[in-house]
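Raw contents of structure-v7.pdb, PDB, C-alpha atoms and all ligand atoms:
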MODEL        1
ATOM      1  CA  MET A   1       0.000   0.000   0.000
ATOM      2  CA  ALA A   2       2.457   2.630  -1.243
ATOM      3  CA  LEU A   3       1.520   6.270  -1.150
ATOM      4  CA  SER A   4       2.176   8.023  -4.419
ATOM      5  CA  ALA A   5       4.716  10.723  -3.735
ATOM      6  CA  PRO A   6       4.840  13.764  -6.003
ATOM      7  CA  THR A   7       8.114  13.573  -7.885
ATOM      8  CA  ALA A   8       7.753  16.165 -10.628
ATOM      9  CA  ALA A   9       8.566  19.810  -9.986
ATOM     10  CA  ARG A  10       5.399  21.792  -9.711
ATOM     11  CA  ASN A  11       6.456  24.853 -11.677
ATOM     12  CA  GLY A  12       7.441  23.161 -14.888
ATOM     13  CA  ASP A  13      11.031  23.190 -16.084
ATOM     14  CA  ALA A  14      12.142  26.210 -14.092
ATOM     15  CA  PRO A  15      14.194  25.195 -11.081
ATOM     16  CA  ARG A  16      13.061  26.813  -7.889
ATOM     17  CA  CYS A  17      15.209  29.825  -7.109
ATOM     18  CA  ASP A  18      17.057  28.950  -3.919
ATOM     19  CA  HIS A  19      18.798  32.326  -3.860
ATOM     20  CA  LEU A  20      15.840  34.111  -2.345
ATOM     21  CA  ASP A  21      17.199  33.258   1.103
ATOM     22  CA  GLN A  22      20.013  35.719   0.384
ATOM     23  CA  VAL A  23      17.493  38.542   0.150
ATOM     24  CA  ARG A  24      17.764  40.956   3.070
ATOM     25  CA  GLN A  25      15.776  43.892   4.279
ATOM     26  CA  VAL A  26      17.886  46.529   2.558
ATOM     27  CA  ARG A  27      17.613  50.259   2.149
ATOM     28  CA  ALA A  28      18.644  51.649  -1.200
ATOM     29  CA  GLN A  29      22.060  53.279  -0.808
ATOM     30  CA  ALA A  30      21.489  55.708  -3.662
ATOM     31  CA  THR A  31      18.985  56.973  -6.215
ATOM     32  CA  THR A  32      21.525  57.093  -9.018
ATOM     33  CA  CYS A  33      24.090  54.775 -10.587
ATOM     34  CA  ALA A  34      27.448  55.777  -9.086
ATOM     35  CA  GLY A  35      29.340  53.984 -11.842
ATOM     36  CA  CYS A  36      27.540  55.906 -14.582
ATOM     37  CA  LEU A  37      27.938  59.221 -12.783
ATOM     38  CA  ALA A  38      31.671  58.586 -12.483
ATOM     39  CA  CYS A  39      32.080  58.249 -16.234
ATOM     40  CA  GLY A  40      29.352  60.709 -17.223
ATOM     41  CA  ASP A  41      27.045  58.160 -18.862
ATOM     42  CA  ASN A  42      23.288  57.772 -18.685
ATOM     43  CA  TRP A  43      21.233  54.752 -17.686
ATOM     44  CA  ILE A  44      17.858  53.382 -18.756
ATOM     45  CA  ALA A  45      16.703  52.026 -15.392
ATOM     46  CA  LEU A  46      18.128  51.200 -11.993
ATOM     47  CA  ARG A  47      18.231  47.981 -10.020
ATOM     48  CA  LEU A  48      18.552  47.506  -6.284
ATOM     49  CA  CYS A  49      20.738  44.712  -4.917
ATOM     50  CA  LEU A  50      18.632  42.872  -2.346
ATOM     51  CA  SER A  51      21.693  41.588  -0.493
ATOM     52  CA  CYS A  52      23.365  44.909   0.298
ATOM     53  CA  GLY A  53      21.240  47.789  -1.027
ATOM     54  CA  TRP A  54      23.635  48.728  -3.823
ATOM     55  CA  VAL A  55      21.952  50.658  -6.633
ATOM     56  CA  ALA A  56      23.218  50.344 -10.191
ATOM     57  CA  CYS A  57      21.967  50.486 -13.751
ATOM     58  CA  SER A  58      20.018  47.650 -15.371
ATOM     59  CA  ASP A  59      21.029  45.293 -18.166
ATOM     60  CA  ALA A  60      19.141  47.507 -20.616
ATOM     61  CA  SER A  61      21.543  50.328 -19.811
ATOM     62  CA  PRO A  62      24.802  50.695 -21.755
ATOM     63  CA  ASN A  63      27.085  50.006 -18.805
ATOM     64  CA  GLN A  64      25.127  47.249 -16.992
ATOM     65  CA  HIS A  65      26.607  48.163 -13.637
ATOM     66  CA  ALA A  66      24.081  46.021 -11.741
ATOM     67  CA  LYS A  67      25.341  42.952 -13.576
ATOM     68  CA  ALA A  68      28.916  44.039 -12.826
ATOM     69  CA  HIS A  69      27.968  44.252  -9.142
ATOM     70  CA  TYR A  70      26.664  40.689  -9.267
ATOM     71  CA  GLN A  71      29.859  39.505 -10.968
ATOM     72  CA  GLU A  72      31.999  41.209  -8.314
ATOM     73  CA  THR A  73      30.021  40.230  -5.240
ATOM     74  CA  ASP A  74      27.926  37.149  -6.152
ATOM     75  CA  HIS A  75      24.877  38.924  -4.756
ATOM     76  CA  PRO A  76      22.294  37.042  -6.820
ATOM     77  CA  ILE A  77      19.018  38.981  -6.643
ATOM     78  CA  ALA A  78      18.215  42.502  -7.740
ATOM     79  CA  ALA A  79      14.898  44.341  -7.720
ATOM     80  CA  ALA A  80      13.551  47.126  -9.844
ATOM     81  CA  CYS A  81      13.980  50.501  -8.215
ATOM     82  CA  GLU A  82      10.540  51.822  -9.103
ATOM     83  CA  PRO A  83       8.446  52.268  -5.938
ATOM     84  CA  GLY A  84       5.760  49.608  -5.609
ATOM     85  CA  SER A  85       7.379  47.263  -8.096
ATOM     86  CA  THR A  86       7.620  43.615  -7.108
ATOM     87  CA  TRP A  87       9.842  42.698 -10.055
ATOM     88  CA  ARG A  88      12.925  40.751  -8.971
ATOM     89  CA  TRP A  89      15.652  39.179 -11.057
ATOM     90  CA  CYS A  90      17.966  36.299 -10.187
ATOM     91  CA  TYR A  91      21.281  36.682 -12.055
ATOM     92  CA  ILE A  92      22.200  33.066 -11.459
ATOM     93  CA  HIS A  93      18.959  31.626 -12.831
ATOM     94  CA  GLU A  94      18.667  34.527 -15.308
ATOM     95  CA  ARG A  95      14.939  34.865 -14.778
ATOM     96  CA  ASN A  96      12.318  36.680 -12.731
ATOM     97  CA  VAL A  97      11.816  35.293  -9.271
TER      98      VAL A  97
HETATM   99 ZN    ZN B 101      18.214  31.930  -8.314
HETATM  100 ZN    ZN B 102      25.699  52.408 -14.420
HETATM  101 ZN    ZN B 103      25.026  43.723  -3.421
ENDMDL
END

Can the structure from this file be put into structure tokens for me?
Amino acid sequence: MALSAPTAARNGDAPRCDHLDQVRQVRAQATTCAGCLACGDNWIALRLCLSCGWVACSDASPNQHAKAHYQETDHPIAAACEPGSTWRWCYIHERNV
């Protein structure tokens, strides 16, 4: 009398993002991209690192400083900086989480 255990992942092919446990209660450290200001460039949008509060420009921006922050620090999850947005991005899984 074996119980049938669920074996398949419930959300399709996408692996569950196990990086969300690195998300902290952070306060944004800035309202601008320091890297862009330093070299006089513009950005399209800003992202907020949810591990340390670092603010940097998104992948749509020419300099992609948020991605550079991830590559330097391994902080995996960034959020959109717009107030009220719940958009979050995992750099390791390369998808919304
Ligand atoms: Zn992830
Ligand atoms: Zn930038
Ligand atoms: Zn960070």

Give me, as JSON lines, each residue of chain A that comes within 8 Å of ligand ZN 102 (chain B), together with its shortest interatomic pair and the distance in Å at one decimal, counting only C-alpha atoms and all ligand atoms, with rows ordered by chain and rising residue number.
{"residue": "A:Cys33", "atom": "CA", "partner": "B:ZN102", "partner_atom": "ZN", "distance": 4.8}
{"residue": "A:Ala34", "atom": "CA", "partner": "B:ZN102", "partner_atom": "ZN", "distance": 6.5}
{"residue": "A:Gly35", "atom": "CA", "partner": "B:ZN102", "partner_atom": "ZN", "distance": 4.7}
{"residue": "A:Cys36", "atom": "CA", "partner": "B:ZN102", "partner_atom": "ZN", "distance": 4.0}
{"residue": "A:Leu37", "atom": "CA", "partner": "B:ZN102", "partner_atom": "ZN", "distance": 7.4}
{"residue": "A:Asp41", "atom": "CA", "partner": "B:ZN102", "partner_atom": "ZN", "distance": 7.4}
{"residue": "A:Asn42", "atom": "CA", "partner": "B:ZN102", "partner_atom": "ZN", "distance": 7.3}
{"residue": "A:Trp43", "atom": "CA", "partner": "B:ZN102", "partner_atom": "ZN", "distance": 6.0}
{"residue": "A:Ala56", "atom": "CA", "partner": "B:ZN102", "partner_atom": "ZN", "distance": 5.3}
{"residue": "A:Cys57", "atom": "CA", "partner": "B:ZN102", "partner_atom": "ZN", "distance": 4.3}
{"residue": "A:Ser58", "atom": "CA", "partner": "B:ZN102", "partner_atom": "ZN", "distance": 7.5}
{"residue": "A:Ser61", "atom": "CA", "partner": "B:ZN102", "partner_atom": "ZN", "distance": 7.1}
{"residue": "A:Pro62", "atom": "CA", "partner": "B:ZN102", "partner_atom": "ZN", "distance": 7.6}
{"residue": "A:Asn63", "atom": "CA", "partner": "B:ZN102", "partner_atom": "ZN", "distance": 5.2}
{"residue": "A:Gln64", "atom": "CA", "partner": "B:ZN102", "partner_atom": "ZN", "distance": 5.8}
{"residue": "A:His65", "atom": "CA", "partner": "B:ZN102", "partner_atom": "ZN", "distance": 4.4}
{"residue": "A:Ala66", "atom": "CA", "partner": "B:ZN102", "partner_atom": "ZN", "distance": 7.1}

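We find atom CA of Leu46 of chain A and atom CA of Lys67 of chain A to be spaced 11.1 Å apart.
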
Taking all atoms listed in the file into account, name the residue in A:Ala60, A:Ala68, A:Cys39, A:Cys52 that is nearest to Tyr91 of chain A.
A:Ala68

May I have the residues within 8 Å of ligand ZN 103 (chain B), computed using all atoms listed in the file, as number ranges by chain?
A: 49-54, 69-70, 73-76

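Based on all atoms listed in the file, the protein and nucleic acid residues found within 12 Å of ligand ZN 101 (chain B) are, by chain and then by number, Ala14, Pro15, Arg16, Cys17, Asp18, His19, Leu20, Asp21, Gln22, Val23, Asp74, His75, Pro76, Ile77, Ala78, Arg88, Trp89, Cys90, Tyr91, Ile92, His93, Glu94, Arg95, Asn96 and Val97 of chain A.
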
Restricting the output to C-alpha atoms, write the selected residues as a PDB file, in the frame of the given file.
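part_16.pdb written:
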ATOM      1  CA  ALA A  14      12.142  26.210 -14.092  1.00  0.00           C
ATOM      2  CA  PRO A  15      14.194  25.195 -11.081  1.00  0.00           C
ATOM      3  CA  ARG A  16      13.061  26.813  -7.889  1.00  0.00           C
ATOM      4  CA  CYS A  17      15.209  29.825  -7.109  1.00  0.00           C
ATOM      5  CA  ASP A  18      17.057  28.950  -3.919  1.00  0.00           C
ATOM      6  CA  HIS A  19      18.798  32.326  -3.860  1.00  0.00           C
ATOM      7  CA  LEU A  20      15.840  34.111  -2.345  1.00  0.00           C
ATOM      8  CA  ASP A  21      17.199  33.258   1.103  1.00  0.00           C
ATOM      9  CA  GLN A  22      20.013  35.719   0.384  1.00  0.00           C
ATOM     10  CA  VAL A  23      17.493  38.542   0.150  1.00  0.00           C
ATOM     11  CA  ASP A  74      27.926  37.149  -6.152  1.00  0.00           C
ATOM     12  CA  HIS A  75      24.877  38.924  -4.756  1.00  0.00           C
ATOM     13  CA  PRO A  76      22.294  37.042  -6.820  1.00  0.00           C
ATOM     14  CA  ILE A  77      19.018  38.981  -6.643  1.00  0.00           C
ATOM     15  CA  ALA A  78      18.215  42.502  -7.740  1.00  0.00           C
ATOM     16  CA  ARG A  88      12.925  40.751  -8.971  1.00  0.00           C
ATOM     17  CA  TRP A  89      15.652  39.179 -11.057  1.00  0.00           C
ATOM     18  CA  CYS A  90      17.966  36.299 -10.187  1.00  0.00           C
ATOM     19  CA  TYR A  91      21.281  36.682 -12.055  1.00  0.00           C
ATOM     20  CA  ILE A  92      22.200  33.066 -11.459  1.00  0.00           C
ATOM     21  CA  HIS A  93      18.959  31.626 -12.831  1.00  0.00           C
ATOM     22  CA  GLU A  94      18.667  34.527 -15.308  1.00  0.00           C
ATOM     23  CA  ARG A  95      14.939  34.865 -14.778  1.00  0.00           C
ATOM     24  CA  ASN A  96      12.318  36.680 -12.731  1.00  0.00           C
ATOM     25  CA  VAL A  97      11.816  35.293  -9.271  1.00  0.00           C
TER      26      VAL A  97
END

Let me make sure I understand: among A:Ala45, A:Trp87, A:Glu82, A:Gln71, which one has the smallest atom-to-atom distance to Ala28 of chain A if we use only C-alpha atoms?
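The answer is A:Glu82, which sits nearest to Ala28 of chain A.
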
Between A:Ala38, A:Leu48, A:Gln25, A:Thr31, which one has atoms that come closest to Ser85 of chain A, using all atoms listed in the file?
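Going through A:Ala38, A:Leu48, A:Gln25, A:Thr31 one by one, the smallest distance to Ser85 of chain A is for A:Leu48.
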
Between A:Arg47, A:Gly84, A:Thr32, A:Val26, which has the minimum distance to Asp59 of chain A (counting only C-alpha atoms)?
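Closest candidate: A:Arg47.
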
Could I get segment 28-55 of chain A rebuilt with N, CA and C atoms, written as a PDB file, in the coordinates of the input?
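Writing done, so here's part33.pdb:
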ATOM      1  N   ALA A  28      17.876  51.209  -0.039  1.00  0.00           N
ATOM      2  CA  ALA A  28      18.644  51.649  -1.200  1.00  0.00           C
ATOM      3  C   ALA A  28      19.712  52.651  -0.764  1.00  0.00           C
ATOM      4  N   GLN A  29      20.951  52.419  -1.208  1.00  0.00           N
ATOM      5  CA  GLN A  29      22.060  53.279  -0.808  1.00  0.00           C
ATOM      6  C   GLN A  29      22.138  54.540  -1.660  1.00  0.00           C
ATOM      7  N   ALA A  30      21.376  54.579  -2.749  1.00  0.00           N
ATOM      8  CA  ALA A  30      21.489  55.708  -3.662  1.00  0.00           C
ATOM      9  C   ALA A  30      20.230  55.775  -4.510  1.00  0.00           C
ATOM     10  N   THR A  31      20.069  56.861  -5.241  1.00  0.00           N
ATOM     11  CA  THR A  31      18.985  56.973  -6.215  1.00  0.00           C
ATOM     12  C   THR A  31      19.553  57.176  -7.614  1.00  0.00           C
ATOM     13  N   THR A  32      20.848  56.952  -7.732  1.00  0.00           N
ATOM     14  CA  THR A  32      21.525  57.093  -9.018  1.00  0.00           C
ATOM     15  C   THR A  32      22.501  55.935  -9.169  1.00  0.00           C
ATOM     16  N   CYS A  33      23.037  55.769 -10.378  1.00  0.00           N
ATOM     17  CA  CYS A  33      24.090  54.775 -10.587  1.00  0.00           C
ATOM     18  C   CYS A  33      25.437  55.463 -10.427  1.00  0.00           C
ATOM     19  N   ALA A  34      26.165  55.127  -9.360  1.00  0.00           N
ATOM     20  CA  ALA A  34      27.448  55.777  -9.086  1.00  0.00           C
ATOM     21  C   ALA A  34      28.445  55.521 -10.214  1.00  0.00           C
ATOM     22  N   GLY A  35      28.403  54.311 -10.776  1.00  0.00           N
ATOM     23  CA  GLY A  35      29.340  53.984 -11.842  1.00  0.00           C
ATOM     24  C   GLY A  35      29.119  54.838 -13.078  1.00  0.00           C
ATOM     25  N   CYS A  36      27.840  55.075 -13.417  1.00  0.00           N
ATOM     26  CA  CYS A  36      27.540  55.906 -14.582  1.00  0.00           C
ATOM     27  C   CYS A  36      27.900  57.371 -14.311  1.00  0.00           C
ATOM     28  N   LEU A  37      27.603  57.837 -13.100  1.00  0.00           N
ATOM     29  CA  LEU A  37      27.938  59.221 -12.783  1.00  0.00           C
ATOM     30  C   LEU A  37      29.439  59.444 -12.893  1.00  0.00           C
ATOM     31  N   ALA A  38      30.216  58.437 -12.476  1.00  0.00           N
ATOM     32  CA  ALA A  38      31.671  58.586 -12.483  1.00  0.00           C
ATOM     33  C   ALA A  38      32.212  58.754 -13.892  1.00  0.00           C
ATOM     34  N   CYS A  39      31.566  58.114 -14.872  1.00  0.00           N
ATOM     35  CA  CYS A  39      32.080  58.249 -16.234  1.00  0.00           C
ATOM     36  C   CYS A  39      31.163  59.104 -17.108  1.00  0.00           C
ATOM     37  N   GLY A  40      30.165  59.754 -16.498  1.00  0.00           N
ATOM     38  CA  GLY A  40      29.352  60.709 -17.223  1.00  0.00           C
ATOM     39  C   GLY A  40      28.364  60.096 -18.192  1.00  0.00           C
ATOM     40  N   ASP A  41      27.997  58.824 -17.976  1.00  0.00           N
ATOM     41  CA  ASP A  41      27.045  58.160 -18.862  1.00  0.00           C
ATOM     42  C   ASP A  41      25.643  58.200 -18.268  1.00  0.00           C
ATOM     43  N   ASN A  42      24.674  57.854 -19.118  1.00  0.00           N
ATOM     44  CA  ASN A  42      23.288  57.772 -18.685  1.00  0.00           C
ATOM     45  C   ASN A  42      22.880  56.316 -18.550  1.00  0.00           C
ATOM     46  N   TRP A  43      21.771  56.098 -17.844  1.00  0.00           N
ATOM     47  CA  TRP A  43      21.233  54.752 -17.686  1.00  0.00           C
ATOM     48  C   TRP A  43      19.766  54.746 -18.065  1.00  0.00           C
ATOM     49  N   ILE A  44      19.263  53.550 -18.384  1.00  0.00           N
ATOM     50  CA  ILE A  44      17.858  53.382 -18.756  1.00  0.00           C
ATOM     51  C   ILE A  44      17.008  53.215 -17.492  1.00  0.00           C
ATOM     52  N   ALA A  45      17.451  52.321 -16.618  1.00  0.00           N
ATOM     53  CA  ALA A  45      16.703  52.026 -15.392  1.00  0.00           C
ATOM     54  C   ALA A  45      17.701  51.576 -14.336  1.00  0.00           C
ATOM     55  N   LEU A  46      17.253  51.581 -13.100  1.00  0.00           N
ATOM     56  CA  LEU A  46      18.128  51.200 -11.993  1.00  0.00           C
ATOM     57  C   LEU A  46      17.627  49.916 -11.349  1.00  0.00           C
ATOM     58  N   ARG A  47      18.576  49.166 -10.803  1.00  0.00           N
ATOM     59  CA  ARG A  47      18.231  47.981 -10.020  1.00  0.00           C
ATOM     60  C   ARG A  47      18.824  48.111  -8.629  1.00  0.00           C
ATOM     61  N   LEU A  48      18.140  47.474  -7.686  1.00  0.00           N
ATOM     62  CA  LEU A  48      18.552  47.506  -6.284  1.00  0.00           C
ATOM     63  C   LEU A  48      19.006  46.108  -5.880  1.00  0.00           C
ATOM     64  N   CYS A  49      20.241  45.997  -5.403  1.00  0.00           N
ATOM     65  CA  CYS A  49      20.738  44.712  -4.917  1.00  0.00           C
ATOM     66  C   CYS A  49      20.043  44.389  -3.601  1.00  0.00           C
ATOM     67  N   LEU A  50      19.392  43.224  -3.543  1.00  0.00           N
ATOM     68  CA  LEU A  50      18.632  42.872  -2.346  1.00  0.00           C
ATOM     69  C   LEU A  50      19.496  42.195  -1.294  1.00  0.00           C
ATOM     70  N   SER A  51      20.798  42.083  -1.532  1.00  0.00           N
ATOM     71  CA  SER A  51      21.693  41.588  -0.493  1.00  0.00           C
ATOM     72  C   SER A  51      22.336  42.731   0.286  1.00  0.00           C
ATOM     73  N   CYS A  52      22.613  43.848  -0.381  1.00  0.00           N
ATOM     74  CA  CYS A  52      23.365  44.909   0.298  1.00  0.00           C
ATOM     75  C   CYS A  52      22.807  46.304   0.053  1.00  0.00           C
ATOM     76  N   GLY A  53      21.812  46.466  -0.802  1.00  0.00           N
ATOM     77  CA  GLY A  53      21.240  47.789  -1.027  1.00  0.00           C
ATOM     78  C   GLY A  53      21.957  48.612  -2.088  1.00  0.00           C
ATOM     79  N   TRP A  54      22.918  48.033  -2.755  1.00  0.00           N
ATOM     80  CA  TRP A  54      23.635  48.728  -3.823  1.00  0.00           C
ATOM     81  C   TRP A  54      22.687  49.044  -4.975  1.00  0.00           C
ATOM     82  N   VAL A  55      22.782  50.250  -5.506  1.00  0.00           N
ATOM     83  CA  VAL A  55      21.952  50.658  -6.633  1.00  0.00           C
ATOM     84  C   VAL A  55      22.847  50.830  -7.854  1.00  0.00           C
TER      85      VAL A  55
END
